[in-house]
$ cat target.tsv   # TSV, C-alpha atoms
chain	number	residue	atom	x	y	z
A	1	MET	CA	160.97	72.78	131.28
A	2	GLU	CA	161.93	71.64	134.77
A	3	MET	CA	164.56	69.16	135.90
A	4	THR	CA	165.46	67.70	139.28
A	5	GLY	CA	168.27	65.52	140.51
A	6	GLU	CA	170.80	64.85	143.23
A	7	ARG	CA	174.39	63.72	143.66
A	8	ILE	CA	176.34	62.30	146.60
A	9	ILE	CA	179.73	64.03	146.65
A	10	LEU	CA	182.60	62.56	148.66
A	11	ALA	CA	183.68	65.86	150.21
A	12	PRO	CA	182.77	67.98	153.26
A	13	ARG	CA	179.84	70.32	152.81
A	14	ALA	CA	182.11	73.36	153.31
A	15	ASP	CA	184.25	72.26	150.35
A	16	VAL	CA	181.21	71.73	148.14
A	17	TRP	CA	179.84	75.15	149.05
A	18	ALA	CA	183.18	76.82	148.31
A	19	ALA	CA	183.27	75.13	144.89
A	20	LEU	CA	179.75	76.35	144.10
A	21	ASN	CA	181.08	79.89	144.48
A	22	ASP	CA	184.38	79.39	142.64
A	23	PRO	CA	184.32	80.85	139.07
A	24	ASP	CA	187.09	78.51	137.87
A	25	VAL	CA	185.24	75.42	139.08
A	26	LEU	CA	181.94	76.56	137.59
A	27	GLN	CA	183.53	77.40	134.23
A	28	SER	CA	185.25	74.01	134.00
A	29	CYS	CA	181.92	72.24	134.59
A	30	ILE	CA	179.86	74.15	131.99
A	31	ALA	CA	180.23	72.61	128.54
A	32	GLY	CA	181.41	75.14	125.97
A	33	CYS	CA	182.06	77.86	128.55
A	34	THR	CA	184.96	80.07	127.44
A	35	GLU	CA	184.55	82.83	130.02
A	36	PHE	CA	183.18	82.96	133.56
A	37	GLU	CA	184.32	85.99	135.52
A	38	LYS	CA	183.14	87.26	138.86
A	39	THR	CA	181.77	90.80	138.58
A	40	ALA	CA	180.33	91.09	142.10
A	41	ASP	CA	179.89	88.95	145.19
A	42	ASP	CA	176.73	87.51	143.70
A	43	ALA	CA	177.21	88.02	139.94
A	44	PHE	CA	179.28	86.66	137.06
A	45	ALA	CA	179.74	87.40	133.34
A	46	ALA	CA	179.72	84.33	131.12
A	47	THR	CA	180.32	83.35	127.49
A	48	VAL	CA	179.19	79.94	126.29
A	49	LYS	CA	179.52	78.39	122.82
A	50	GLN	CA	176.97	75.71	122.03
A	51	LYS	CA	175.42	73.79	119.16
A	52	VAL	CA	171.81	72.72	119.54
A	53	GLY	CA	170.81	70.55	116.60
A	54	PRO	CA	171.69	72.52	113.44
A	55	VAL	CA	171.97	75.84	115.31
A	56	SER	CA	175.36	77.02	116.60
A	57	ALA	CA	175.75	80.18	118.63
A	58	THR	CA	177.85	82.02	121.18
A	59	PHE	CA	175.79	83.17	124.13
A	60	LYS	CA	176.94	86.10	126.22
A	61	GLY	CA	175.15	87.07	129.37
A	62	ALA	CA	175.06	87.35	133.13
A	63	VAL	CA	174.74	84.87	135.96
A	64	THR	CA	173.44	85.91	139.36
A	65	LEU	CA	173.10	84.26	142.75
A	66	SER	CA	170.10	84.82	145.02
A	67	ASP	CA	168.30	83.31	148.05
A	68	ILE	CA	171.72	82.60	149.52
A	69	VAL	CA	171.98	80.63	152.77
A	70	PRO	CA	175.73	80.03	153.23
A	71	GLY	CA	176.61	76.36	153.39
A	72	GLU	CA	173.04	75.27	152.64
A	73	ARG	CA	171.56	76.60	149.42
A	74	TYR	CA	171.34	79.25	146.74
A	75	THR	CA	169.59	79.93	143.45
A	76	ILE	CA	171.75	80.50	140.39
A	77	THR	CA	170.10	82.23	137.42
A	78	GLY	CA	171.52	83.00	133.99
A	79	GLU	CA	170.43	84.55	130.73
A	80	GLY	CA	172.40	84.78	127.50
A	81	LYS	CA	171.81	86.18	124.03
A	82	GLY	CA	173.05	84.35	120.98
A	83	GLY	CA	172.35	86.89	118.24
A	84	ALA	CA	170.25	85.48	115.41
A	85	ALA	CA	170.07	82.12	117.19
A	86	GLY	CA	167.90	83.63	119.90
A	87	PHE	CA	168.28	83.57	123.65
A	88	ALA	CA	168.52	81.05	126.46
A	89	LYS	CA	167.82	81.52	130.12
A	90	GLY	CA	167.36	79.32	133.11
A	91	GLY	CA	168.33	78.68	136.68
A	92	ALA	CA	168.72	76.13	139.41
A	93	THR	CA	168.11	76.05	143.14
A	94	VAL	CA	170.93	74.05	144.69
A	95	THR	CA	170.62	72.61	148.21
A	96	LEU	CA	173.34	70.93	150.28
A	97	SER	CA	172.93	68.57	153.21
A	98	ASP	CA	175.15	66.14	155.11
A	99	ALA	CA	175.06	62.57	153.84
A	100	GLU	CA	176.52	59.17	154.54
A	101	ALA	CA	179.27	57.99	152.24
A	102	PRO	CA	178.24	55.19	149.85
A	103	GLU	CA	179.14	51.64	150.84
A	104	GLY	CA	182.84	51.02	150.35
A	105	ALA	CA	183.75	54.72	150.54
A	106	GLU	CA	185.24	56.56	153.49
A	107	GLY	CA	185.21	60.12	154.72
A	108	PRO	CA	182.59	62.90	154.80
A	109	ALA	CA	179.93	63.13	152.12
A	110	THR	CA	177.47	65.79	150.98
A	111	LYS	CA	174.17	65.40	149.18
A	112	LEU	CA	173.65	68.01	146.46
A	113	SER	CA	170.03	68.36	145.30
A	114	TYR	CA	168.88	70.65	142.50
A	115	GLU	CA	165.73	71.88	140.82
A	116	ALA	CA	166.48	73.48	137.47
A	117	ASN	CA	164.52	75.10	134.67
A	118	ALA	CA	165.36	76.36	131.18
A	119	LYS	CA	163.74	78.40	128.43
A	120	VAL	CA	164.81	79.42	124.91
A	121	GLY	CA	163.56	81.83	122.26
A	122	GLY	CA	164.23	82.79	118.63
A	123	LYS	CA	165.55	80.14	116.21
A	124	LEU	CA	166.25	77.81	119.09
A	125	ALA	CA	162.58	77.71	120.02
A	126	GLN	CA	161.75	76.60	116.47
A	127	LEU	CA	163.75	73.38	116.91
A	128	GLY	CA	160.95	71.83	118.91
A	129	SER	CA	160.47	71.12	122.58
A	130	ARG	CA	161.70	67.53	122.35
A	131	LEU	CA	165.14	68.51	121.07
A	132	ILE	CA	165.43	71.47	123.46
A	133	ASP	CA	164.34	69.41	126.48
A	134	GLY	CA	166.84	66.67	125.68
A	135	PHE	CA	169.64	69.19	125.25
A	136	ALA	CA	168.80	70.99	128.50
A	137	ARG	CA	168.72	67.75	130.48
A	138	LYS	CA	172.07	66.69	129.05
A	139	MET	CA	173.60	70.06	129.94
A	140	ALA	CA	172.32	69.79	133.52
A	141	ASP	CA	173.48	66.19	133.93
A	142	ASP	CA	176.91	66.95	132.47
A	143	PHE	CA	177.36	69.97	134.73
A	144	PHE	CA	176.51	68.20	137.98
A	145	ASP	CA	178.46	65.07	137.00
A	146	LYS	CA	181.59	67.11	136.28
A	147	PHE	CA	181.06	69.22	139.40
A	148	SER	CA	180.71	66.15	141.63
A	149	THR	CA	183.79	64.53	140.13
A	150	ARG	CA	185.95	67.63	140.44
A	151	VAL	CA	184.97	68.44	144.03
A	152	ALA	CA	185.50	64.83	145.08
A	153	GLY	CA	189.02	64.98	143.63
A	154	GLU	CA	188.54	62.07	141.23
A	155	PRO	CA	190.25	63.48	138.05
A	156	GLU	CA	193.72	62.63	139.44
A	157	GLU	CA	192.80	58.95	139.80
A	158	ALA	CA	191.35	58.80	136.29
A	159	ALA	CA	194.45	60.42	134.80
A	160	ALA	CA	196.66	57.67	136.21
A	161	GLU	CA	194.81	54.85	134.44
A	162	PRO	CA	196.63	55.03	131.04
A	163	GLU	CA	199.96	54.19	132.76
A	164	ALA	CA	198.63	50.74	133.59
A	165	ALA	CA	198.72	49.70	129.93
A	166	PRO	CA	202.39	49.51	128.83
A	167	GLU	CA	202.93	47.80	125.45
A	168	PRO	CA	206.67	47.15	125.04
A	169	ALA	CA	206.12	43.36	124.88
A	170	ALA	CA	203.78	43.67	121.91
A	171	ALA	CA	206.38	45.65	119.94
A	172	SER	CA	209.06	42.95	120.37
A	173	GLU	CA	206.91	40.01	119.25
A	174	PRO	CA	207.21	40.61	115.45
A	175	VAL	CA	211.02	40.17	115.68
A	176	ALA	CA	210.75	36.51	116.66
A	177	PRO	CA	209.14	35.16	113.47
A	178	GLU	CA	212.04	36.26	111.22
A	179	PRO	CA	214.50	33.41	112.03
A	180	VAL	CA	211.60	30.93	112.21
A	181	ALA	CA	210.39	31.94	108.75
A	182	ALA	CA	213.90	31.65	107.31
A	183	ALA	CA	214.36	28.08	108.54
A	184	PRO	CA	211.91	26.38	106.16
A	185	ALA	CA	213.50	28.11	103.14
A	186	ALA	CA	216.92	26.81	104.11
A	187	ALA	CA	215.54	23.32	104.62
A	188	GLU	CA	213.95	23.23	101.20
A	189	ALA	CA	217.16	23.90	99.24
A	190	PRO	CA	218.85	20.52	99.89
A	191	ALA	CA	215.63	18.72	99.05
A	192	GLU	CA	215.75	19.97	95.43
A	193	ALA	CA	219.22	18.60	94.66
A	194	PRO	CA	218.40	14.87	95.00
A	195	ALA	CA	215.31	15.36	92.89
A	196	LYS	CA	217.33	16.92	90.04
A	197	GLU	CA	220.04	14.20	90.24
A	198	GLY	CA	217.44	11.44	89.90
A	199	TRP	CA	216.00	13.11	86.84
A	200	LEU	CA	219.42	13.37	85.11
A	201	LYS	CA	220.23	9.72	85.81
A	202	ARG	CA	216.99	8.58	84.24
A	203	ILE	CA	217.85	10.43	81.01
A	204	PHE	CA	221.61	9.94	80.69
A	205	GLY	CA	222.11	6.88	82.81
$ encode --input "target.tsv" --output "structure tokens"
Amino acid sequence: MEMTGERIILAPRADVWAALNDPDVLQSCIAGCTEFEKTADDAFAATVKQKVGPVSATFKGAVTLSDIVPGERYTITGEGKGGAAGFAKGGATVTLSDAEAPEGAEGPATKLSYEANAKVGGKLAQLGSRLIDGFARKMADDFFDKFSTRVAGEPEEAAAEPEAAPEPAAASEPVAPEPVAAAPAAAEAPAEAPAKEGWLKRIFG
């Protein structure tokens, strides 16, 4: 299957290109990736754990870069074997170009375009093309979304959001009802005495 897409990343093209060649960045953007080590200038060793429908497997394989034009484009290709689950392989041609920042944003921007393809074999192939296609598209979208966010430096802003929701006031509210609830009980006690006195007078008076 083939997939295409693009992202506008709020970062200079040089920074985006550097991130595309950084093993730590690539590993953090690949779902289930537990290992991504550089073995040569244009090669990496990778281990990825994934579950596709009812099939779970750990894929180990190699990733290579080719058709490299520094700062502009490259093709990244990978193939991994998952034992009894079968194999998975695919690749993507990634192209960078200067872009205008979206309305309301400032600073340099880069357009990242990609054309990707994927293929599976073994048990995975038996799951059906619809399930495999959907999984492959999700993997591609997740990777480029995470990559765009990380390169643009947005995780720090997202991490600060929970601090904007302090809840000390909510914890103190239950204390207030205690004296209010006690007041009616105290008020009811005197009301019983006159009622009992009237009853005694009617019998013994």
$ atom_distance --input "target.tsv" --atom1 "atom CA of Lys119 of chain A" --atom2 "atom CA of Asp145 of chain A"
21.6 Å
$ residues_around --input "target.tsv" --residues "segment 25-38 of chain A" --least-positions-apart "6" --cutoff "6 Å" --atoms "only C-alpha atoms" --output "JSON, numbers by chain"
{"A": [44, 45, 46, 47, 48, 49, 50, 143, 146, 147]}
$ atom_distance --input "target.tsv" --atom1 "atom CA of Gly83 of chain A" --atom2 "atom CA of Gly61 of chain A"
11.5 Å
$ closest_residue --input "target.tsv" --among "A:Leu10, A:Ala101, A:Val52, A:Ala62" --to "Met139 of chain A" --atoms "all atoms listed in the file"
A:Val52
$ residues_around --input "target.tsv" --residues "Ala14 of chain A" --least-positions-apart "3" --cutoff "7 Å" --atoms "all atoms listed in the file" --output "number ranges by chain"
A: 17-18, 71
$ axis_aligned_box --input "target.tsv" --around "segment 96-104 of chain A" --padding-each-side "8 Å" --output "lines of an AutoDock Vina configuration file"
center_x = 177.9
center_y = 61.0
center_z = 152.5
size_x = 25.9
size_y = 35.9
size_z = 21.3
$ closest_residue --input "target.tsv" --among "A:Leu65, A:Lys51, A:Ala109, A:Tyr114" --to "Val151 of chain A" --atoms "only C-alpha atoms"
A:Ala109
$ closest_residue --input "target.tsv" --among "A:Val63, A:Ala19, A:Val120, A:Ala40" --to "Thr75 of chain A" --atoms "only C-alpha atoms"
A:Val63
$ decode --input "target.tsv" --residues "segment 18-34 of chain A" --atoms "all heavy atoms" --output "compact mmCIF listing (two decimals), in the first residue's frame"
# COMPACT_ATOMS: atom_id res chain seq x y z
N ALA A 18 18.40 17.83 10.49
CA ALA A 18 19.21 17.23 11.55
C ALA A 18 18.39 16.22 12.35
O ALA A 18 18.89 15.15 12.70
CB ALA A 18 19.75 18.32 12.47
N ALA A 19 17.12 16.54 12.62
CA ALA A 19 16.27 15.62 13.38
C ALA A 19 15.98 14.35 12.60
O ALA A 19 15.88 13.26 13.17
CB ALA A 19 14.96 16.32 13.75
N LEU A 20 15.87 14.46 11.28
CA LEU A 20 15.63 13.28 10.45
C LEU A 20 16.80 12.30 10.46
O LEU A 20 16.65 11.15 10.06
CB LEU A 20 15.34 13.70 9.00
CG LEU A 20 13.95 14.26 8.71
CD1 LEU A 20 13.90 14.83 7.30
CD2 LEU A 20 12.86 13.20 8.90
N ASN A 21 17.95 12.78 10.92
CA ASN A 21 19.14 11.93 10.98
C ASN A 21 19.57 11.63 12.41
O ASN A 21 20.66 11.08 12.63
CB ASN A 21 20.29 12.60 10.22
CG ASN A 21 20.06 12.64 8.72
OD1 ASN A 21 20.41 11.71 8.00
ND2 ASN A 21 19.45 13.71 8.23
N ASP A 22 18.73 11.98 13.37
CA ASP A 22 19.05 11.78 14.79
C ASP A 22 18.37 10.50 15.29
O ASP A 22 17.14 10.44 15.35
CB ASP A 22 18.55 12.98 15.59
CG ASP A 22 18.97 12.93 17.05
OD1 ASP A 22 19.10 11.81 17.61
OD2 ASP A 22 19.17 14.00 17.65
N PRO A 23 19.13 9.47 15.67
CA PRO A 23 18.53 8.21 16.13
C PRO A 23 17.59 8.38 17.31
O PRO A 23 16.55 7.72 17.39
CB PRO A 23 19.75 7.36 16.52
CG PRO A 23 20.89 7.95 15.77
CD PRO A 23 20.61 9.41 15.67
N ASP A 24 17.93 9.27 18.26
CA ASP A 24 17.07 9.46 19.43
C ASP A 24 15.72 10.04 19.03
O ASP A 24 14.67 9.65 19.57
CB ASP A 24 17.76 10.38 20.44
CG ASP A 24 18.97 9.73 21.08
OD1 ASP A 24 19.02 8.48 21.12
OD2 ASP A 24 19.87 10.46 21.53
N VAL A 25 15.73 10.99 18.12
CA VAL A 25 14.48 11.61 17.67
C VAL A 25 13.64 10.57 16.93
O VAL A 25 12.44 10.42 17.18
CB VAL A 25 14.76 12.81 16.75
CG1 VAL A 25 13.45 13.33 16.15
CG2 VAL A 25 15.46 13.93 17.52
N LEU A 26 14.26 9.83 16.02
CA LEU A 26 13.52 8.84 15.25
C LEU A 26 12.92 7.77 16.16
O LEU A 26 11.77 7.38 16.00
CB LEU A 26 14.44 8.20 14.20
CG LEU A 26 14.96 9.15 13.12
CD1 LEU A 26 15.94 8.42 12.20
CD2 LEU A 26 13.81 9.73 12.30
N GLN A 27 13.70 7.30 17.13
CA GLN A 27 13.19 6.27 18.04
C GLN A 27 11.98 6.77 18.82
O GLN A 27 10.99 6.06 18.99
CB GLN A 27 14.28 5.81 19.02
CG GLN A 27 13.75 4.78 20.04
CD GLN A 27 14.84 4.25 20.95
OE1 GLN A 27 16.02 4.42 20.68
NE2 GLN A 27 14.45 3.62 22.04
N SER A 28 12.06 8.01 19.31
CA SER A 28 10.96 8.55 20.12
C SER A 28 9.68 8.74 19.32
O SER A 28 8.60 8.84 19.90
CB SER A 28 11.39 9.89 20.74
OG SER A 28 11.51 10.89 19.75
N CYS A 29 9.79 8.79 18.00
CA CYS A 29 8.62 9.03 17.15
C CYS A 29 8.02 7.76 16.58
O CYS A 29 6.94 7.79 15.99
CB CYS A 29 8.98 9.98 16.01
SG CYS A 29 9.51 11.63 16.56
N ILE A 30 8.71 6.62 16.73
CA ILE A 30 8.21 5.34 16.23
C ILE A 30 7.52 4.60 17.36
O ILE A 30 8.15 4.23 18.35
CB ILE A 30 9.35 4.47 15.66
CG1 ILE A 30 10.06 5.20 14.51
CG2 ILE A 30 8.81 3.13 15.18
CD1 ILE A 30 11.31 4.47 14.01
N ALA A 31 6.22 4.40 17.25
CA ALA A 31 5.47 3.71 18.30
C ALA A 31 6.02 2.30 18.53
O ALA A 31 6.23 1.55 17.58
CB ALA A 31 3.99 3.63 17.91
N GLY A 32 6.26 1.98 19.80
CA GLY A 32 6.72 0.64 20.15
C GLY A 32 8.20 0.39 19.90
O GLY A 32 8.67 -0.73 20.10
N CYS A 33 8.94 1.42 19.50
CA CYS A 33 10.37 1.23 19.20
C CYS A 33 11.17 1.21 20.50
O CYS A 33 11.16 2.16 21.27
CB CYS A 33 10.88 2.36 18.30
SG CYS A 33 12.59 2.13 17.75
N THR A 34 11.87 0.11 20.76
CA THR A 34 12.66 -0.03 21.97
C THR A 34 14.16 0.12 21.70
O THR A 34 14.95 0.23 22.64
CB THR A 34 12.41 -1.40 22.62
OG1 THR A 34 12.73 -2.44 21.68
CG2 THR A 34 10.93 -1.53 23.01
